[in-house]
$ cat input_26.cif   # mmCIF, C-alpha atoms and all ligand atoms
data_protein
loop_
_atom_site.label_atom_id
_atom_site.label_comp_id
_atom_site.auth_asym_id
_atom_site.auth_seq_id
_atom_site.Cartn_x
_atom_site.Cartn_y
_atom_site.Cartn_z
CA MET T 1 117.30 79.64 158.00
CA ILE T 2 113.65 79.37 156.93
CA SER T 3 111.93 78.96 153.58
CA VAL T 4 110.44 81.81 151.56
CA LYS T 5 106.97 80.34 152.06
CA LYS T 6 107.38 80.20 155.83
CA ALA T 7 108.83 83.75 155.91
CA GLN T 8 105.89 85.06 153.91
CA SER T 9 103.32 83.36 156.12
CA ILE T 10 104.95 84.67 159.33
CA ILE T 11 104.82 88.19 157.93
CA ILE T 12 101.20 87.90 156.76
CA ASP T 13 100.16 86.68 160.23
CA ASN T 14 101.49 89.91 161.71
CA ILE T 15 99.59 92.33 159.48
CA LYS T 16 96.81 94.22 161.17
CA SER T 17 94.38 96.57 159.55
CA ILE T 18 95.15 100.14 160.61
CA GLY T 19 91.75 101.77 160.26
CA PHE T 20 90.20 104.29 157.94
CA GLU T 21 89.68 108.00 157.54
CA THR T 22 87.46 110.29 155.52
CA VAL T 23 88.87 112.21 152.58
CA SER T 24 87.34 114.49 149.99
CA LEU T 25 87.00 113.33 146.41
CA GLU T 26 89.85 115.64 145.31
CA ASN T 27 92.24 113.89 147.69
CA ALA T 28 91.08 110.33 147.11
CA GLY T 29 93.40 109.44 144.19
CA ASN T 30 95.58 106.35 144.84
CA ARG T 31 93.87 105.67 148.16
CA ILE T 32 92.09 102.40 148.97
CA HIS T 33 88.31 102.18 149.45
CA ALA T 34 87.48 101.22 153.03
CA GLU T 35 83.82 100.54 152.21
CA ASP T 36 81.77 99.20 149.34
CA ILE T 37 80.45 102.03 147.20
CA ILE T 38 76.73 101.51 146.63
CA ALA T 39 74.64 103.05 143.86
CA THR T 40 72.29 105.33 145.75
CA PHE T 41 70.21 105.72 142.60
CA PRO T 42 69.90 103.93 139.24
CA MET T 43 72.13 105.02 136.39
CA PRO T 44 70.94 106.65 134.20
CA LEU T 45 68.81 108.36 136.79
CA PHE T 46 66.03 109.04 134.25
CA ASP T 47 65.25 108.09 130.64
CA ASN T 48 67.16 110.58 128.48
CA SER T 49 68.16 111.16 124.90
CA ALA T 50 71.41 109.76 123.52
CA MET T 51 71.27 112.14 120.53
CA ASP T 52 70.08 115.60 119.52
CA GLY T 53 66.70 115.12 117.84
CA PHE T 54 62.96 114.82 118.36
CA ALA T 55 61.14 112.82 121.01
CA VAL T 56 58.26 111.08 119.22
CA ARG T 57 55.77 108.26 119.54
CA ALA T 58 57.29 105.64 117.23
CA ALA T 59 53.86 104.59 115.91
CA ASP T 60 53.36 108.14 114.53
CA THR T 61 56.40 107.81 112.25
CA LYS T 62 55.31 104.61 110.51
CA ASP T 63 56.53 104.42 106.88
CA ALA T 64 58.07 107.92 107.07
CA ASN T 65 60.78 108.51 104.44
CA LYS T 66 62.43 111.38 102.61
CA SER T 67 59.85 111.52 99.81
CA LEU T 68 56.85 110.89 102.07
CA PRO T 69 57.71 112.55 105.38
CA VAL T 70 55.41 112.51 108.39
CA THR T 71 54.57 115.92 109.80
CA LEU T 72 54.36 116.22 113.57
CA ARG T 73 53.25 119.10 115.80
CA MET T 74 56.00 120.66 117.91
CA THR T 75 55.11 120.99 121.59
CA GLY T 76 58.31 122.19 123.24
CA ILE T 77 61.98 121.59 124.06
CA SER T 78 63.66 119.26 126.55
CA SER T 79 67.37 119.95 126.91
CA ALA T 80 70.07 118.73 129.32
CA GLY T 81 69.35 120.38 132.65
CA THR T 82 66.02 121.83 131.48
CA PRO T 83 63.42 119.07 131.35
CA SER T 84 59.97 119.65 129.91
CA ASP T 85 56.75 118.60 131.64
CA ILE T 86 54.92 118.10 128.33
CA ILE T 87 52.93 114.89 127.88
CA LEU T 88 53.18 113.93 124.23
CA GLN T 89 49.92 113.06 122.48
CA SER T 90 49.52 111.25 119.18
CA GLY T 91 50.83 113.37 116.27
CA GLU T 92 53.04 115.45 118.54
CA CYS T 93 56.78 115.67 119.11
CA ALA T 94 59.26 117.67 121.21
CA GLN T 95 62.80 118.82 120.46
CA CYS T 96 65.04 116.78 122.73
CA MET T 97 68.77 117.35 123.09
CA THR T 98 71.45 114.86 124.20
CA GLY T 99 70.99 114.26 127.93
CA GLY T 100 67.53 115.86 127.90
CA LYS T 101 64.78 114.05 129.81
CA ILE T 102 62.42 112.09 127.57
CA PRO T 103 58.99 113.71 127.81
CA LYS T 104 56.12 111.52 129.03
CA GLY T 105 54.26 109.83 126.16
CA ALA T 106 57.37 109.67 123.90
CA ASP T 107 59.03 106.30 123.31
CA SER T 108 61.84 107.08 120.85
CA ILE T 109 64.13 109.73 119.44
CA VAL T 110 64.44 110.64 115.76
CA ILE T 111 67.87 112.16 115.24
CA VAL T 112 67.84 115.70 113.87
CA GLU T 113 69.62 114.53 110.70
CA ASN T 114 66.45 112.53 109.83
CA SER T 115 64.15 115.54 110.07
CA SER T 116 63.59 118.97 108.54
CA GLY T 117 65.73 120.31 111.45
CA PHE T 118 65.41 122.42 114.58
CA SER T 119 63.47 125.65 114.14
CA ASP T 120 60.83 127.77 115.84
CA SER T 121 58.21 126.38 113.45
CA THR T 122 55.14 124.73 114.96
CA THR T 123 55.68 121.59 112.85
CA VAL T 124 58.56 119.35 111.79
CA GLU T 125 58.92 116.78 109.04
CA ILE T 126 60.24 113.35 109.99
CA PHE T 127 62.10 111.49 107.22
CA LYS T 128 62.63 108.12 108.86
CA GLU T 129 60.49 105.63 110.71
CA ALA T 130 61.48 105.25 114.37
CA LYS T 131 61.41 102.08 116.43
CA ALA T 132 60.35 102.19 120.08
CA GLY T 133 63.45 102.72 122.24
CA ASP T 134 65.59 104.30 119.50
CA HIS T 135 68.33 106.54 120.97
CA ILE T 136 66.91 106.42 124.48
CA ARG T 137 69.22 105.77 127.43
CA LYS T 138 66.91 103.86 129.75
CA GLN T 139 66.77 104.53 133.48
CA GLY T 140 68.90 101.90 135.29
CA GLU T 141 70.30 100.30 132.12
CA GLU T 142 73.87 100.79 133.42
CA ILE T 143 73.50 100.25 137.19
CA GLN T 144 70.54 99.45 139.43
CA LYS T 145 69.93 101.26 142.71
CA GLY T 146 71.61 99.31 145.54
CA ASP T 147 74.25 97.63 143.33
CA VAL T 148 77.84 97.57 144.62
CA VAL T 149 79.58 99.84 142.13
CA ILE T 150 83.09 99.66 143.62
CA PRO T 151 84.03 96.99 146.17
CA LYS T 152 86.09 97.88 149.22
CA GLY T 153 89.81 97.23 148.83
CA THR T 154 89.87 98.80 145.35
CA CYS T 155 92.56 101.36 144.61
CA ILE T 156 91.09 104.69 143.55
CA THR T 157 92.23 105.51 140.01
CA PRO T 158 90.78 108.01 137.51
CA SER T 159 87.92 105.55 136.75
CA GLU T 160 86.87 105.28 140.41
CA ILE T 161 87.13 109.06 140.89
CA GLY T 162 84.85 109.62 137.90
CA VAL T 163 82.32 107.02 139.06
CA LEU T 164 82.32 108.38 142.62
CA ALA T 165 81.55 111.83 141.26
CA THR T 166 78.85 110.33 138.99
CA PHE T 167 77.07 109.01 142.06
CA GLY T 168 77.47 112.26 143.95
CA TYR T 169 80.03 111.14 146.53
CA GLU T 170 81.86 114.19 147.86
CA LYS T 171 83.57 112.47 150.79
CA LEU T 172 84.53 108.86 151.20
CA SER T 173 86.09 106.45 153.58
CA VAL T 174 89.61 105.25 152.72
CA MET T 175 92.19 103.14 154.50
CA ILE T 176 94.75 105.09 156.50
CA LYS T 177 98.16 105.02 154.81
CA PRO T 178 100.68 103.07 156.88
CA LYS T 179 103.47 105.27 158.29
CA VAL T 180 106.89 104.12 157.17
CA ALA T 181 110.44 104.85 158.33
CA ILE T 182 113.36 104.14 156.00
CA PHE T 183 116.93 103.86 157.23
CA VAL T 184 119.97 103.07 155.22
CA THR T 185 123.17 102.18 157.01
CA GLY T 186 126.82 102.24 156.00
CA ASN T 187 129.98 104.24 156.61
CA GLU T 188 130.67 104.10 152.87
CA LEU T 189 127.52 105.98 151.85
CA ILE T 190 127.62 109.46 150.40
CA GLU T 191 124.70 111.47 149.07
CA PRO T 192 124.20 112.09 145.35
CA GLY T 193 125.51 115.57 144.46
CA LYS T 194 128.50 115.33 146.83
CA LYS T 195 132.06 114.65 145.66
CA ILE T 196 132.86 110.97 146.05
CA LYS T 197 136.06 109.97 147.92
CA SER T 198 138.08 106.77 147.86
CA GLY T 199 136.10 103.76 149.11
CA GLN T 200 132.80 105.60 149.12
CA ILE T 201 129.66 104.79 147.10
CA TYR T 202 126.59 106.84 146.43
CA ASN T 203 123.60 105.98 148.55
CA SER T 204 121.07 104.55 146.11
CA ASN T 205 118.88 102.53 148.45
CA LEU T 206 117.33 105.43 150.34
CA TYR T 207 116.05 106.95 147.11
CA MET T 208 115.03 103.65 145.56
CA LEU T 209 113.22 102.43 148.68
CA SER T 210 111.46 105.80 149.14
CA GLU T 211 110.15 105.57 145.60
CA LEU T 212 109.00 101.98 146.17
CA VAL T 213 107.17 102.97 149.35
CA GLU T 214 105.44 105.79 147.45
CA LYS T 215 104.39 103.32 144.78
CA SER T 216 102.89 101.04 147.43
CA GLY T 217 100.81 103.95 148.71
CA ALA T 218 102.30 104.40 152.18
CA GLU T 219 103.43 107.59 153.88
CA ILE T 220 107.13 108.08 154.56
CA VAL T 221 107.58 109.85 157.89
CA ILE T 222 111.28 109.22 158.58
CA ARG T 223 114.21 108.94 156.14
CA GLU T 224 117.70 108.68 157.55
CA VAL T 225 121.23 107.70 156.60
CA ILE T 226 123.03 106.13 159.57
CA LYS T 227 126.70 105.28 160.13
CA ASP T 228 127.64 101.74 161.20
CA ASP T 229 127.63 102.76 164.81
CA ARG T 230 125.49 101.25 167.56
CA SER T 231 124.51 104.40 169.42
CA SER T 232 123.28 106.41 166.42
CA LEU T 233 121.43 103.34 165.19
CA ARG T 234 119.81 102.96 168.61
CA ILE T 235 118.66 106.58 168.87
CA LEU T 236 117.16 106.76 165.38
CA LEU T 237 115.55 103.33 165.38
CA SER T 238 113.92 103.79 168.79
CA ASP T 239 112.24 106.99 167.60
CA ALA T 240 110.89 105.16 164.51
CA LEU T 241 109.64 102.23 166.57
CA GLN T 242 107.37 104.56 168.48
CA ASN T 243 105.93 106.37 165.50
CA CYS T 244 105.75 104.02 162.53
CA ASP T 245 103.76 101.02 161.35
CA VAL T 246 106.60 99.74 159.18
CA ILE T 247 110.33 100.22 159.72
CA ILE T 248 112.64 99.40 156.87
CA SER T 249 116.39 99.39 157.18
CA SER T 250 118.91 98.50 154.52
CA GLY T 251 122.38 97.15 155.21
CA GLY T 252 124.20 96.10 158.35
CA VAL T 253 122.20 92.93 158.83
CA SER T 254 124.66 90.29 157.56
CA MET T 255 127.71 88.67 159.12
CA GLY T 256 130.09 91.65 158.83
CA ARG T 257 132.04 92.99 161.82
CA PHE T 258 130.13 96.26 161.66
CA ASP T 259 126.67 94.79 161.05
CA TYR T 260 124.90 95.99 164.20
CA VAL T 261 121.33 96.41 162.96
CA ARG T 262 119.92 93.12 164.24
CA GLU T 263 121.63 93.48 167.60
CA VAL T 264 120.26 97.02 168.01
CA TYR T 265 116.73 96.00 167.04
CA LYS T 266 116.78 93.20 169.58
CA GLY T 267 118.26 95.50 172.24
CA LEU T 268 115.33 97.86 171.71
CA GLY T 269 112.84 95.08 172.45
CA VAL T 270 112.03 94.00 168.91
CA GLN T 271 110.86 90.39 168.83
CA GLU T 272 112.79 88.56 166.12
CA HIS T 273 110.54 86.31 164.02
CA PHE T 274 113.24 85.31 161.62
CA TRP T 275 116.69 86.18 160.36
CA LYS T 276 117.95 84.55 157.20
CA VAL T 277 115.72 83.14 154.50
CA ALA T 278 116.71 80.42 152.03
CA GLN T 279 116.71 82.75 149.06
CA LYS T 280 119.06 84.42 146.61
CA PRO T 281 119.42 87.34 146.71
CA GLY T 282 118.38 88.58 150.15
CA LYS T 283 119.46 85.73 152.42
CA PRO T 284 120.13 87.87 155.56
CA LEU T 285 116.57 89.30 155.60
CA PHE T 286 115.45 90.10 159.17
CA PHE T 287 111.85 90.39 160.32
CA GLY T 288 110.65 91.37 163.75
CA THR T 289 107.77 93.10 165.50
CA LEU T 290 107.40 95.48 168.39
CA GLU T 291 103.78 95.96 169.46
CA SER T 292 102.01 96.67 166.18
CA SER T 293 105.12 97.82 164.26
CA LEU T 294 106.62 95.54 161.63
CA ILE T 295 110.38 95.77 161.27
CA PHE T 296 112.31 94.67 158.20
CA GLY T 297 116.09 94.55 158.02
CA LEU T 298 116.96 94.32 154.33
CA PRO T 299 120.44 93.42 153.14
CA GLY T 300 122.25 96.43 151.66
CA ASN T 301 122.99 95.16 148.17
CA PRO T 302 120.61 97.23 146.05
CA ILE T 303 119.09 94.30 144.14
CA SER T 304 118.56 92.39 147.41
CA SER T 305 116.87 95.42 148.98
CA PHE T 306 114.70 95.98 145.91
CA ILE T 307 113.56 92.36 145.57
CA CYS T 308 112.98 91.90 149.31
CA TYR T 309 110.90 95.07 149.28
CA VAL T 310 108.72 93.92 146.37
CA GLU T 311 108.30 90.37 147.66
CA TYR T 312 107.84 91.02 151.39
CA ILE T 313 107.10 94.66 152.19
CA HIS T 314 104.86 95.70 149.30
CA PRO T 315 102.32 92.96 150.19
CA VAL T 316 102.39 94.16 153.81
CA ILE T 317 101.57 97.73 152.87
CA GLN T 318 98.80 96.46 150.61
CA GLY T 319 97.58 94.16 153.39
CA PHE T 320 97.48 96.98 155.93
CA GLN T 321 95.06 98.68 153.57
CA ASN T 322 93.08 95.52 152.70
CA LYS T 323 94.08 96.00 149.09
CA LYS T 324 93.66 92.96 146.91
CA LYS T 325 95.69 92.66 143.76
CA ASN T 326 97.69 89.68 142.70
CA LEU T 327 100.50 90.58 140.37
CA LYS T 328 101.93 87.07 140.20
CA HIS T 329 101.43 85.19 136.96
CA ARG T 330 102.88 82.18 135.16
CA ALA T 331 104.95 82.99 132.09
CA ILE T 332 106.91 80.94 129.57
CA LEU T 333 110.70 81.22 129.80
CA THR T 334 112.51 82.18 126.60
CA LYS T 335 115.91 81.33 128.11
CA ASN T 336 117.11 78.76 130.66
CA PHE T 337 116.80 79.75 134.34
CA ALA T 338 119.36 78.36 136.80
CA VAL T 339 117.40 77.01 139.76
CA GLU T 340 119.23 76.82 143.12
CA SER T 341 119.26 73.47 144.93
CA LYS T 342 118.55 74.91 148.39
CA LYS T 343 117.47 78.49 147.83
CA HIS T 344 114.50 80.25 146.29
CA ARG T 345 115.92 82.13 143.31
CA TYR T 346 114.75 85.60 142.30
CA LEU T 347 115.94 87.45 139.21
CA PHE T 348 114.74 90.59 137.49
CA GLY T 349 113.38 90.02 134.02
CA LYS T 350 111.31 91.25 131.15
CA SER T 351 107.89 89.87 130.28
CA TRP T 352 105.66 90.53 127.31
CA ILE T 353 102.71 89.10 125.42
CA ASN T 354 103.60 87.63 122.03
CA SER T 355 101.53 87.76 118.85
CA SER T 356 99.64 84.58 119.79
CA GLY T 357 98.69 86.04 123.16
CA LYS T 358 101.15 84.02 125.28
CA LEU T 359 102.89 85.58 128.28
CA LEU T 360 106.65 85.16 127.80
CA CYS T 361 109.58 86.22 129.93
CA LEU T 362 113.34 86.62 129.78
CA PRO T 363 115.58 86.72 132.87
CA VAL T 364 118.23 89.46 132.93
CA SER T 365 121.80 88.46 132.15
CA LYS T 366 123.32 90.54 134.98
CA HIS T 367 122.95 88.23 137.99
CA GLY T 368 124.89 90.05 140.72
CA SER T 369 122.92 91.45 143.65
CA HIS T 370 125.02 94.63 143.43
CA MET T 371 124.02 95.24 139.78
CA LEU T 372 121.12 97.63 140.11
CA THR T 373 121.19 98.51 136.40
CA ALA T 374 119.72 95.02 135.78
CA SER T 375 116.42 96.42 137.00
CA LEU T 376 116.36 99.13 134.33
CA GLU T 377 115.40 96.79 131.50
CA SER T 378 112.98 94.80 133.69
CA ASN T 379 109.27 94.89 134.31
CA CYS T 380 108.99 91.87 136.60
CA ILE T 381 110.79 89.60 139.04
CA LEU T 382 111.11 85.93 138.05
CA GLU T 383 111.15 83.37 140.84
CA SER T 384 111.67 79.68 141.29
CA PRO T 385 111.56 77.58 144.48
CA PRO T 386 114.59 75.37 145.18
CA GLY T 387 114.92 72.38 142.89
CA LYS T 388 117.29 69.91 141.29
CA LYS T 389 116.66 70.74 137.65
CA GLU T 390 117.36 73.87 135.70
CA LEU T 391 114.25 75.41 134.16
CA ARG T 392 114.57 75.41 130.39
CA ALA T 393 113.32 77.72 127.67
CA GLY T 394 109.68 76.77 127.11
CA ASP T 395 109.06 75.89 130.79
CA LYS T 396 106.72 78.00 132.89
CA ILE T 397 107.95 80.18 135.73
CA THR T 398 106.24 82.53 138.19
CA ILE T 399 106.68 86.24 137.59
CA ASN T 400 105.79 89.15 139.82
CA LEU T 401 104.83 92.13 137.68
CA LEU T 402 106.08 95.53 138.79
CA ASN T 403 102.83 97.43 138.56
CA TRP T 404 104.42 100.72 137.54
CA ARG T 405 105.93 99.12 134.43
CA ASN T 406 104.03 98.07 131.32
CA LEU T 407 104.11 94.66 129.77
P1 LIG I 501 125.63 95.40 153.86
O1 LIG I 501 124.33 94.68 153.77
O2 LIG I 501 125.62 96.57 154.76
O3 LIG I 501 126.74 94.44 154.14
O4 LIG I 501 125.91 95.97 152.40
C1 LIG I 501 126.05 95.12 151.29
C2 LIG I 501 126.49 95.88 150.07
O5 LIG I 501 125.50 96.82 149.72
C3 LIG I 501 127.77 96.65 150.25
O6 LIG I 501 128.52 96.58 149.07
C4 LIG I 501 127.28 98.06 150.50
O7 LIG I 501 128.23 99.05 150.19
C5 LIG I 501 126.06 98.13 149.63
N1 LIG I 501 125.10 99.10 150.17
C6 LIG I 501 124.67 99.15 151.42
N2 LIG I 501 123.82 100.17 151.60
C7 LIG I 501 123.71 100.78 150.40
C8 LIG I 501 122.99 101.91 149.93
N3 LIG I 501 122.21 102.62 150.74
N4 LIG I 501 123.10 102.26 148.64
C9 LIG I 501 123.91 101.54 147.82
N5 LIG I 501 124.61 100.46 148.19
C10 LIG I 501 124.53 100.09 149.47
MG MG I 502 126.98 97.85 155.55
#

$ encode --input "input_26.cif" --output "structure tokens"
Amino acid sequence: MISVKKAQSIIIDNIKSIGFETVSLENAGNRIHAEDIIATFPMPLFDNSAMDGFAVRAADTKDANKSLPVTLRMTGISSAGTPSDIILQSGECAQCMTGGKIPKGADSIVIVENSSGFSDSTTVEIFKEAKAGDHIRKQGEEIQKGDVVIPKGTCITPSEIGVLATFGYEKLSVMIKPKVAIFVTGNELIEPGKKIKSGQIYNSNLYMLSELVEKSGAEIVIREVIKDDRSSLRILLSDALQNCDVIISSGGVSMGRFDYVREVYKGLGVQEHFWKVAQKPGKPLFFGTLESSLIFGLPGNPISSFICYVEYIHPVIQGFQNKKKNLKHRAILTKNFAVESKKHRYLFGKSWINSSGKLLCLPVSKHGSHMLTASLESNCILESPPGKKELRAGDKITINLLNWRNL
């Protein structure tokens, strides 16, 4: 039996990057940037108006007010998409709409509310003195040409999509999604929707693990339910070993008489890196490799499968894609947490930020690894390495935030 730390480092050492591909902007959501995105031009691209109004030379509006307006000569219109090539001289102005290019010679915008208004007249009255720079969005004030706008390894969310479009990217390079096979094993399993018979249970892990894999951003290529029988295990697993980057099985990996998964993996040439980790739940966790495939045998209890997935497999799928996001934080316990003397203890829990801005957490009261409903009220997994002393309310503990849940 090895420690959690050792298990994690063995797994990390076996992660290889699996390359990148080009996708169009429409299909880039939730993918991971394979390259830094560079600003190919400054943003804003040109000086433009932040408001609807008049482009003026600020000096011309000196002391202007409602009772003593300044009258300027109108020379033209600059609107968004239709710039004007006028060069403003002293005493002149141009109508300039939001987003319109600032005409040469102008140094500020007087908003239309501070004037006699838009019209076809050859003059306009200005009611307020302008200061140089008023209501002008300066070229490059947001981003300079050549700046890294989005670093590689970032997940593409609505913000990234919008910024990519802003800089004119139509296609981009993203990490290839790892291909994943999910197997659940057990003679007792029956599919939701079917009538349940004596001794049977509904198969929850296949659905739960599939959803977890989706959340991690990988592609599921095989999903199977297998009986506790060596030959069907062998046939299905050997197919997956040839076609997938990550193979996940649940069940059949403990000490039971019908637990054949480990034996079948090894018979198919999988190199075992470890079996059994000093942790609760999830002690019988198996990890092996075959060429570049990573193989995980998760114990079948739903909470064990769930926690092992989040702690061991999610980081692998992120690592394959060079994605960097640490969801582990330190939070203050609001209830005692029973530390195990020899095992790393994981428990689902709830975390939140209190009114003084502190991150607090509460472990669930349902401790059994078969009690999947404990995860319903949770948004994180609490964890403590082995130790002699119970952690008490007020002590700090590490939490792993489930990134699809809110604090
Ligand atoms: P095993 O690891 O195969 O010994 O299974 C441990 C426990 O998890 C047993 O109570 C199984 O019935 C249960 N179990 C195994 N696979 C699943 C599954 N796919 N869905 C729900 N429970 C499962
Ligand atoms: Mg079983």

$ residues_near_ligand --input "input_26.cif" --ligand "ligand MG 502 (chain I)" --cutoff "9 Å" --atoms "only C-alpha atoms and all ligand atoms" --output "CSV table (one decimal) with C-alpha atoms, in the frame of the given file"
chain,number,residue,atom,x,y,z
T,184,VAL,CA,120.0,103.1,155.2
T,185,THR,CA,123.2,102.2,157.0
T,186,GLY,CA,126.8,102.2,156.0
T,187,ASN,CA,130.0,104.2,156.6
T,188,GLU,CA,130.7,104.1,152.9
T,189,LEU,CA,127.5,106.0,151.8
T,227,LYS,CA,126.7,105.3,160.1
T,228,ASP,CA,127.6,101.7,161.2
T,250,SER,CA,118.9,98.5,154.5
T,251,GLY,CA,122.4,97.2,155.2
T,252,GLY,CA,124.2,96.1,158.4
T,253,VAL,CA,122.2,92.9,158.8
T,254,SER,CA,124.7,90.3,157.6
T,256,GLY,CA,130.1,91.6,158.8
T,258,PHE,CA,130.1,96.3,161.7
T,259,ASP,CA,126.7,94.8,161.0
T,299,PRO,CA,120.4,93.4,153.1
T,300,GLY,CA,122.2,96.4,151.7
T,301,ASN,CA,123.0,95.2,148.2

$ residues_around --input "input_26.cif" --residues "T:Ala94" --least-positions-apart "2" --cutoff "8 Å" --atoms "all atoms listed in the file" --output "CSV table (one decimal) with C-alpha atoms, in the coordinates of the input"
chain,number,residue,atom,x,y,z
T,54,PHE,CA,63.0,114.8,118.4
T,55,ALA,CA,61.1,112.8,121.0
T,56,VAL,CA,58.3,111.1,119.2
T,74,MET,CA,56.0,120.7,117.9
T,75,THR,CA,55.1,121.0,121.6
T,76,GLY,CA,58.3,122.2,123.2
T,77,ILE,CA,62.0,121.6,124.1
T,78,SER,CA,63.7,119.3,126.6
T,88,LEU,CA,53.2,113.9,124.2
T,92,GLU,CA,53.0,115.4,118.5
T,96,CYS,CA,65.0,116.8,122.7
T,103,PRO,CA,59.0,113.7,127.8

$ closest_residue --input "input_26.cif" --among "T:Asn406, T:Ser355, T:Ser204, T:Thr157" --to "ligand LIG 501 (chain I)" --atoms "only C-alpha atoms and all ligand atoms"
T:Ser204

$ closest_residue --input "input_26.cif" --among "T:Glu26, T:His370, T:Leu359, T:Ile109" --to "T:Ala165" --atoms "all atoms listed in the file"
T:Glu26

$ closest_residue --input "input_26.cif" --among "T:His367, T:His273, T:Lys266, T:Arg392" --to "T:Ala7" --atoms "all atoms listed in the file"
T:His273

$ residues_around --input "input_26.cif" --residues "T:His344" --least-positions-apart "3" --cutoff "6 Å" --atoms "only C-alpha atoms" --output "list in words"
Gln279, Ser384, Pro385 and Pro386 of chain T

$ write_last_selection --input "input_26.cif" --atoms "C-alpha atoms" --output "mmCIF file, in the coordinates of the input"
data_model
loop_
_atom_site.group_PDB
_atom_site.id
_atom_site.type_symbol
_atom_site.label_atom_id
_atom_site.label_comp_id
_atom_site.auth_asym_id
_atom_site.auth_seq_id
_atom_site.Cartn_x
_atom_site.Cartn_y
_atom_site.Cartn_z
ATOM 1 C CA GLN T 279 116.710 82.750 149.060
ATOM 2 C CA SER T 384 111.670 79.680 141.290
ATOM 3 C CA PRO T 385 111.560 77.580 144.480
ATOM 4 C CA PRO T 386 114.590 75.370 145.180
#

$ residues_around --input "input_26.cif" --residues "T:Asp134" --least-positions-apart "4" --cutoff "8 Å" --atoms "only C-alpha atoms" --output "JSON list (two decimals) with C-alpha atoms, in the coordinates of the input"
[["chain", "number", "residue", "atom", "x", "y", "z"],
["T", 107, "ASP", "CA", 59.03, 106.30, 123.31],
["T", 108, "SER", "CA", 61.84, 107.08, 120.85],
["T", 109, "ILE", "CA", 64.13, 109.73, 119.44],
["T", 110, "VAL", "CA", 64.44, 110.64, 115.76],
["T", 130, "ALA", "CA", 61.48, 105.25, 114.37]]

$ residues_around --input "input_26.cif" --residues "T:Leu407" --least-positions-apart "2" --cutoff "7 Å" --atoms "all atoms listed in the file" --output "number ranges by chain"
T: 351-352, 379, 405

$ atom_distance --input "input_26.cif" --atom1 "atom N4 of ligand LIG 501 (chain I)" --atom2 "atom CA of T:Ile399"
25.5 Å

$ axis_aligned_box --input "input_26.cif" --around "ligand LIG 501 (chain I)" --padding-each-side "4 Å" --output "AutoDock Vina command-line options"
--center_x 125.4 --center_y 98.5 --center_z 151.3 --size_x 14.3 --size_y 16.2 --size_z 14.9

$ atom_distance --input "input_26.cif" --atom1 "atom CA of T:Lys350" --atom2 "atom CA of T:Lys323"
25.3 Å

$ residues_around --input "input_26.cif" --residues "stretch 230-241 of chain T" --least-positions-apart "3" --cutoff "8 Å" --atoms "only C-alpha atoms" --output "JSON, numbers by chain"
{"T": [181, 222, 226, 227, 244, 245, 247, 260, 261, 264, 265, 268, 290, 293]}

$ closest_residue --input "input_26.cif" --among "T:Ile37, T:Val225, T:Ile353, T:Leu391" --to "ligand LIG 501 (chain I)" --atoms "only C-alpha atoms and all ligand atoms"
T:Val225

$ closest_residue --input "input_26.cif" --among "T:Ala34, T:Cys380, T:Ala331, T:Ile196" --to "T:Ile18" --atoms "only C-alpha atoms"
T:Ala34
